[in-house]
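Here's model-v4.cif, which has mmCIF, C-alpha atoms:
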```
data_entry
loop_
_atom_site.group_PDB
_atom_site.id
_atom_site.type_symbol
_atom_site.label_atom_id
_atom_site.label_comp_id
_atom_site.auth_asym_id
_atom_site.auth_seq_id
_atom_site.Cartn_x
_atom_site.Cartn_y
_atom_site.Cartn_z
ATOM 1 C CA MET K 1 0.865 -15.198 17.510
ATOM 2 C CA PRO K 2 0.377 -12.129 15.319
ATOM 3 C CA GLY K 3 3.023 -9.457 15.041
ATOM 4 C CA PRO K 4 2.801 -6.420 17.293
ATOM 5 C CA VAL K 5 0.621 -3.478 16.307
ATOM 6 C CA PHE K 6 2.819 -0.769 14.833
ATOM 7 C CA LEU K 7 0.135 1.826 14.062
ATOM 8 C CA ASP K 8 -3.363 1.804 15.486
ATOM 9 C CA GLY K 9 -6.334 3.525 13.897
ATOM 10 C CA GLU K 10 -9.980 3.826 14.792
ATOM 11 C CA HIS K 11 -11.120 0.795 12.745
ATOM 12 C CA ILE K 12 -7.868 -0.808 11.589
ATOM 13 C CA SER K 13 -4.397 -1.573 12.838
ATOM 14 C CA LEU K 14 -1.131 -1.983 10.981
ATOM 15 C CA ARG K 15 1.200 -4.686 12.240
ATOM 16 C CA THR K 16 4.377 -6.406 11.229
ATOM 17 C CA PRO K 17 4.071 -9.527 9.063
ATOM 18 C CA GLU K 18 5.057 -12.773 10.776
ATOM 19 C CA GLU K 19 5.699 -16.377 9.761
ATOM 20 C CA GLU K 20 2.086 -17.386 10.447
ATOM 21 C CA ASP K 21 0.948 -14.872 7.803
ATOM 22 C CA VAL K 22 2.609 -16.800 4.939
ATOM 23 C CA GLY K 23 -0.576 -18.683 4.007
ATOM 24 C CA PHE K 24 -2.668 -15.507 3.985
ATOM 25 C CA LEU K 25 -0.096 -13.662 1.876
ATOM 26 C CA GLN K 26 0.438 -16.474 -0.633
ATOM 27 C CA ARG K 27 -3.266 -17.202 -1.056
ATOM 28 C CA ASN K 28 -4.157 -13.565 -1.685
ATOM 29 C CA ILE K 29 -1.202 -12.400 -3.792
ATOM 30 C CA ASN K 30 -1.927 -15.287 -6.177
ATOM 31 C CA ASP K 31 -5.612 -14.326 -6.472
ATOM 32 C CA PRO K 32 -6.039 -12.696 -9.921
ATOM 33 C CA ARG K 33 -8.357 -10.070 -8.384
ATOM 34 C CA VAL K 34 -5.432 -8.934 -6.189
ATOM 35 C CA ARG K 35 -2.355 -9.525 -8.328
ATOM 36 C CA ARG K 36 -3.568 -7.897 -11.554
ATOM 37 C CA PRO K 37 -4.377 -4.466 -10.035
ATOM 38 C CA ILE K 38 -0.908 -4.332 -8.463
ATOM 39 C CA GLY K 39 0.911 -5.645 -11.534
ATOM 40 C CA THR K 40 2.200 -8.952 -10.132
ATOM 41 C CA VAL K 41 2.611 -11.575 -12.834
ATOM 42 C CA ALA K 42 4.648 -14.423 -11.322
ATOM 43 C CA PRO K 43 3.084 -16.980 -8.980
ATOM 44 C CA MET K 44 4.309 -16.664 -5.415
ATOM 45 C CA SER K 45 5.256 -19.709 -3.339
ATOM 46 C CA ALA K 46 5.289 -20.035 0.419
ATOM 47 C CA SER K 47 9.078 -19.649 0.379
ATOM 48 C CA ASP K 48 8.710 -16.440 -1.697
ATOM 49 C CA GLU K 49 6.399 -15.048 0.969
ATOM 50 C CA GLU K 50 8.749 -16.168 3.758
ATOM 51 C CA GLU K 51 11.553 -14.266 2.007
ATOM 52 C CA TRP K 52 9.312 -11.206 1.703
ATOM 53 C CA ILE K 53 8.556 -11.352 5.431
ATOM 54 C CA ASP K 54 12.251 -11.765 6.300
ATOM 55 C CA GLY K 55 13.187 -8.654 4.308
ATOM 56 C CA ALA K 56 9.911 -6.757 4.698
ATOM 57 C CA ASN K 57 11.379 -3.787 6.509
ATOM 58 C CA ASP K 58 14.975 -3.814 5.248
ATOM 59 C CA GLU K 59 14.519 -1.058 2.653
ATOM 60 C CA GLY K 60 11.143 0.415 3.580
ATOM 61 C CA VAL K 61 8.120 -0.164 5.763
ATOM 62 C CA SER K 62 5.874 -3.179 5.077
ATOM 63 C CA LEU K 63 2.861 -3.864 7.265
ATOM 64 C CA LEU K 64 -0.317 -5.913 7.323
ATOM 65 C CA ILE K 65 -3.662 -4.134 7.405
ATOM 66 C CA CYS K 66 -5.713 -5.820 10.144
ATOM 67 C CA ILE K 67 -9.300 -5.755 11.361
ATOM 68 C CA GLY K 68 -9.685 -7.140 14.870
ATOM 69 C CA GLY K 69 -6.178 -8.596 14.603
ATOM 70 C CA ASP K 70 -6.915 -10.500 11.376
ATOM 71 C CA PRO K 71 -5.058 -9.477 8.201
ATOM 72 C CA VAL K 72 -7.066 -8.162 5.248
ATOM 73 C CA GLY K 73 -4.213 -6.747 3.166
ATOM 74 C CA THR K 74 -0.793 -5.118 3.111
ATOM 75 C CA ILE K 75 0.508 -1.565 2.918
ATOM 76 C CA GLY K 76 3.992 -0.147 2.738
ATOM 77 C CA LEU K 77 6.342 2.701 2.041
ATOM 78 C CA SER K 78 9.071 1.917 -0.486
ATOM 79 C CA GLY K 79 11.752 3.842 -2.306
ATOM 80 C CA ILE K 80 12.336 5.964 0.779
ATOM 81 C CA ASN K 81 14.743 8.739 -0.131
ATOM 82 C CA GLU K 82 15.708 10.452 3.115
ATOM 83 C CA LEU K 83 17.746 13.112 1.317
ATOM 84 C CA TRP K 84 14.763 14.177 -0.795
ATOM 85 C CA GLY K 85 12.153 13.352 1.842
ATOM 86 C CA ARG K 86 10.158 11.181 -0.555
ATOM 87 C CA ALA K 87 8.608 7.703 -0.502
ATOM 88 C CA GLU K 88 6.009 5.700 -2.415
ATOM 89 C CA VAL K 89 2.952 4.142 -0.792
ATOM 90 C CA GLY K 90 1.469 0.902 -2.092
ATOM 91 C CA TYR K 91 -1.254 -1.398 -0.795
ATOM 92 C CA TRP K 92 -3.623 -4.241 -1.581
ATOM 93 C CA LEU K 93 -6.675 -5.717 0.130
ATOM 94 C CA THR K 94 -8.423 -9.069 -0.094
ATOM 95 C CA PRO K 95 -11.508 -8.805 -2.310
ATOM 96 C CA ALA K 96 -13.753 -9.517 0.706
ATOM 97 C CA ALA K 97 -12.432 -6.294 2.305
ATOM 98 C CA TRP K 98 -12.973 -4.034 -0.724
ATOM 99 C CA GLY K 99 -15.313 -1.077 -0.327
ATOM 100 C CA GLU K 100 -15.159 -0.939 3.463
ATOM 101 C CA GLY K 101 -12.799 2.053 3.787
ATOM 102 C CA TYR K 102 -9.899 -0.044 5.089
ATOM 103 C CA ALA K 103 -7.447 0.996 2.361
ATOM 104 C CA THR K 104 -8.281 4.663 2.937
ATOM 105 C CA ALA K 105 -7.828 4.352 6.712
ATOM 106 C CA ALA K 106 -4.558 2.421 6.312
ATOM 107 C CA THR K 107 -3.191 4.918 3.789
ATOM 108 C CA GLU K 108 -4.056 7.822 6.082
ATOM 109 C CA LEU K 109 -2.262 6.119 8.989
ATOM 110 C CA LEU K 110 0.858 5.330 6.993
ATOM 111 C CA VAL K 111 1.025 8.767 5.349
ATOM 112 C CA GLU K 112 0.724 10.406 8.767
ATOM 113 C CA TYR K 113 3.546 8.182 10.034
ATOM 114 C CA GLY K 114 5.692 9.094 7.008
ATOM 115 C CA PHE K 115 5.214 12.808 7.519
ATOM 116 C CA ASP K 116 5.385 12.859 11.327
ATOM 117 C CA GLN K 117 7.938 10.132 12.102
ATOM 118 C CA ARG K 118 10.073 9.873 8.965
ATOM 119 C CA ARG K 119 10.150 13.611 8.157
ATOM 120 C CA LEU K 120 8.984 13.002 4.601
ATOM 121 C CA ASN K 121 8.021 15.964 2.463
ATOM 122 C CA LYS K 122 6.203 13.984 -0.238
ATOM 123 C CA VAL K 123 4.503 10.636 -0.625
ATOM 124 C CA VAL K 124 3.792 9.404 -4.149
ATOM 125 C CA ALA K 125 1.652 6.578 -5.497
ATOM 126 C CA HIS K 126 0.835 4.958 -8.817
ATOM 127 C CA ALA K 127 -2.440 3.369 -9.911
ATOM 128 C CA PHE K 128 -3.398 1.682 -13.153
ATOM 129 C CA ALA K 129 -6.097 3.473 -15.142
ATOM 130 C CA PHE K 130 -8.467 0.506 -14.710
ATOM 131 C CA ASN K 131 -8.081 0.498 -10.900
ATOM 132 C CA ALA K 132 -10.768 3.057 -10.030
ATOM 133 C CA GLY K 133 -10.909 1.861 -6.408
ATOM 134 C CA SER K 134 -7.246 2.583 -5.762
ATOM 135 C CA ARG K 135 -7.439 5.941 -7.481
ATOM 136 C CA ARG K 136 -10.471 6.819 -5.321
ATOM 137 C CA VAL K 137 -8.553 5.859 -2.154
ATOM 138 C CA LEU K 138 -5.677 8.166 -3.058
ATOM 139 C CA GLU K 139 -7.993 11.067 -3.838
ATOM 140 C CA LYS K 140 -9.936 10.598 -0.569
ATOM 141 C CA VAL K 141 -6.660 10.756 1.371
ATOM 142 C CA GLY K 142 -5.777 14.030 -0.376
ATOM 143 C CA PHE K 143 -3.370 12.958 -3.112
ATOM 144 C CA THR K 144 -3.328 15.029 -6.299
ATOM 145 C CA GLU K 145 -3.081 13.391 -9.688
ATOM 146 C CA GLU K 146 0.187 14.708 -11.125
ATOM 147 C CA GLY K 147 0.130 13.039 -14.509
ATOM 148 C CA VAL K 148 -0.534 9.996 -16.608
ATOM 149 C CA HIS K 149 2.172 7.752 -17.992
ATOM 150 C CA ARG K 150 0.529 6.594 -21.200
ATOM 151 C CA ALA K 151 0.698 2.862 -21.992
ATOM 152 C CA GLU K 152 3.371 2.561 -19.271
ATOM 153 C CA ALA K 153 2.640 -0.932 -17.976
ATOM 154 C CA PHE K 154 1.836 -4.295 -19.537
ATOM 155 C CA VAL K 155 -0.946 -5.830 -17.449
ATOM 156 C CA ASN K 156 -3.138 -8.796 -18.284
ATOM 157 C CA GLY K 157 -2.122 -8.842 -21.934
ATOM 158 C CA GLU K 158 -2.356 -5.131 -22.730
ATOM 159 C CA PHE K 159 -0.526 -1.868 -22.231
ATOM 160 C CA VAL K 160 -2.294 0.383 -19.733
ATOM 161 C CA ASP K 161 -1.916 3.935 -18.509
ATOM 162 C CA VAL K 162 -0.407 4.536 -15.068
ATOM 163 C CA HIS K 163 -1.691 7.501 -13.075
ATOM 164 C CA ARG K 164 0.854 9.176 -10.813
ATOM 165 C CA TYR K 165 -0.280 10.816 -7.574
ATOM 166 C CA GLY K 166 1.524 12.945 -5.015
ATOM 167 C CA LEU K 167 0.809 14.386 -1.580
ATOM 168 C CA LEU K 168 2.987 17.052 0.052
ATOM 169 C CA VAL K 169 3.312 17.401 3.804
ATOM 170 C CA ASN K 170 1.986 20.984 3.755
ATOM 171 C CA GLU K 171 -1.125 19.804 1.853
ATOM 172 C CA TRP K 172 -1.610 17.071 4.454
ATOM 173 C CA ARG K 173 -1.269 19.555 7.319
ATOM 174 C CA GLU K 174 -3.729 21.987 5.635
ATOM 175 C CA GLY K 175 -6.226 19.123 5.426
ATOM 176 C CA ASP K 176 -5.958 18.631 9.207
ATOM 177 C CA GLU K 177 -6.943 22.213 9.987
#
```

Rewrite the structure of this file - the entire thing - as structure tokens.
Amino acid sequence: MPGPVFLDGEHISLRTPEEEDVGFLQRNINDPRVRRPIGTVAPMSASDEEEWIDGANDEGVSLLICIGGDPVGTIGLSGINELWGRAEVGYWLTPAAWGEGYATAATELLVEYGFDQRRLNKVVAHAFAFNAGSRRVLEKVGFTEEGVHRAEAFVNGEFVDVHRYGLLVNEWREGDE
């Protein structure tokens, strides 16, 4: 039985990961089309994914992005600093779900939750220079590119630039008006 819906949007829902999601998570995180754009290099076993599920919400918020109850990716808030009111959003989708607007909808839902329920002032994100889709998602949601960390990450055999994005709560609220 899938985990309960935590946040519900018009076309997607975000729910907690459960034991039955291990196969989905392991299969997709090991897919080079998924792991490279998020910078994962080590293969993940079923027990690795079980551990991730067990600790998924210990230090942040980790949820599955679902369409009609079926998972198509993950999204989360990490590095939550309650004193500063800051957190980082990160996500991935299965390749079959790319280009459908699911990452944008999920990011909007989670950012709204962060600002409204967690009293965050800022949500940040990072995207590799080659990941145009992720950068587009962030810009659609209202994030501003704040800078580029040149040759910051080693991905797929080369050093790549990392683009840093930020969204302030007052910018988010202005976008709602």

Can I get the residues of region 48-116 of chain K within 8 Å of region 2-20 of chain K, each with the closest pair of atoms and their distance in Å to one decimal, using all atoms listed in the file, sorted chain first then ascending number, as a Markdown table?
```
| residue | atom | partner | partner_atom | distance |
| --- | --- | --- | --- | --- |
| K:Glu50 | CA | K:Glu19 | CA | 6.7 |
| K:Ile53 | CA | K:Pro17 | CA | 6.1 |
| K:Ala56 | CA | K:Pro17 | CA | 7.8 |
| K:Ser62 | CA | K:Thr16 | CA | 7.1 |
| K:Leu63 | CA | K:Thr16 | CA | 4.9 |
| K:Leu64 | CA | K:Arg15 | CA | 5.3 |
| K:Ile65 | CA | K:Leu14 | CA | 4.9 |
| K:Cys66 | CA | K:Ser13 | CA | 5.2 |
| K:Ile67 | CA | K:Ile12 | CA | 5.2 |
| K:Gly68 | CA | K:Ile12 | CA | 7.4 |
| K:Gly69 | CA | K:Ser13 | CA | 7.5 |
| K:Tyr102 | CA | K:Ile12 | CA | 6.9 |
| K:Ala105 | CA | K:Ile12 | CA | 7.1 |
| K:Ala106 | CA | K:Ile12 | CA | 7.0 |
| K:Leu109 | CA | K:Gly9 | CA | 6.9 |
| K:Leu110 | CA | K:Leu7 | CA | 7.9 |
```

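One distance worth recording is that between CA of Val123 (chain K) and CA of Val141 (chain K), which is 11.3 Å.
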
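Using all atoms listed in the file for every distance, the candidate list K:Asn57, K:Thr104, K:Gln117, K:Asn30 yields K:Thr104 as the residue closest to Gly142 (chain K).
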
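Excluding Arg36 (chain K) itself and any same-chain residue fewer than 4 positions from it, the protein and nucleic acid residues within 10 Å of it, counting all atoms listed in the file, are Ile29, Asn30, Asp31, Pro32, Thr40, Val41, Phe128, Asn131, Val155 and Asn156 of chain K.
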
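One finds CA of Trp172 (chain K) at 14.8 Å from CA of Ala125 (chain K).
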
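Using all atoms listed in the file, the shortest contact distance between Gly157 (chain K) and any of K:Val137, K:Gly39, K:Phe24, K:Ser45 is found at K:Gly39.
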
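Contact shell of region 144-147 of chain K at 9 Å (all atoms listed in the file; same-chain neighbours under 3 positions omitted): K:Arg135, K:Leu138, K:Glu139, K:Val162, K:His163, K:Arg164, K:Tyr165, K:Gly166, K:Leu167.
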
Evaluate the PyMOL selection byres ((chain K and resi 82-84) around 10) against this structure - the residues, as a PDB file with C-alpha atoms, keeping the file's coordinate frame, please.
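What follows is the written file part-v3.pdb:
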```pdb
ATOM      1  CA  GLY K  79      11.752   3.842  -2.306  1.00  0.00           C
ATOM      2  CA  ILE K  80      12.336   5.964   0.779  1.00  0.00           C
ATOM      3  CA  ASN K  81      14.743   8.739  -0.131  1.00  0.00           C
ATOM      4  CA  GLY K  85      12.153  13.352   1.842  1.00  0.00           C
ATOM      5  CA  ARG K  86      10.158  11.181  -0.555  1.00  0.00           C
ATOM      6  CA  ALA K  87       8.608   7.703  -0.502  1.00  0.00           C
ATOM      7  CA  ARG K 118      10.073   9.873   8.965  1.00  0.00           C
ATOM      8  CA  ARG K 119      10.150  13.611   8.157  1.00  0.00           C
ATOM      9  CA  LEU K 120       8.984  13.002   4.601  1.00  0.00           C
ATOM     10  CA  ASN K 121       8.021  15.964   2.463  1.00  0.00           C
ATOM     11  CA  LYS K 122       6.203  13.984  -0.238  1.00  0.00           C
TER      12      LYS K 122
END
```

Q: Have a look at CA of Glu49 (chain K) and CA of Glu100 (chain K) and let me know their distance in Å, one decimal.
A: 25.9 Å

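Residue neighbourhood of Thr94 (chain K), excluding near-sequence residues (fewer than 4 positions): K:Phe24, K:Leu25, K:Arg27, K:Asn28, K:Ile29, K:Asp31, K:Arg33, K:Val34, K:Pro71, K:Val72, K:Gly73, K:Thr74, K:Trp98, at 10 Å, using only C-alpha atoms.
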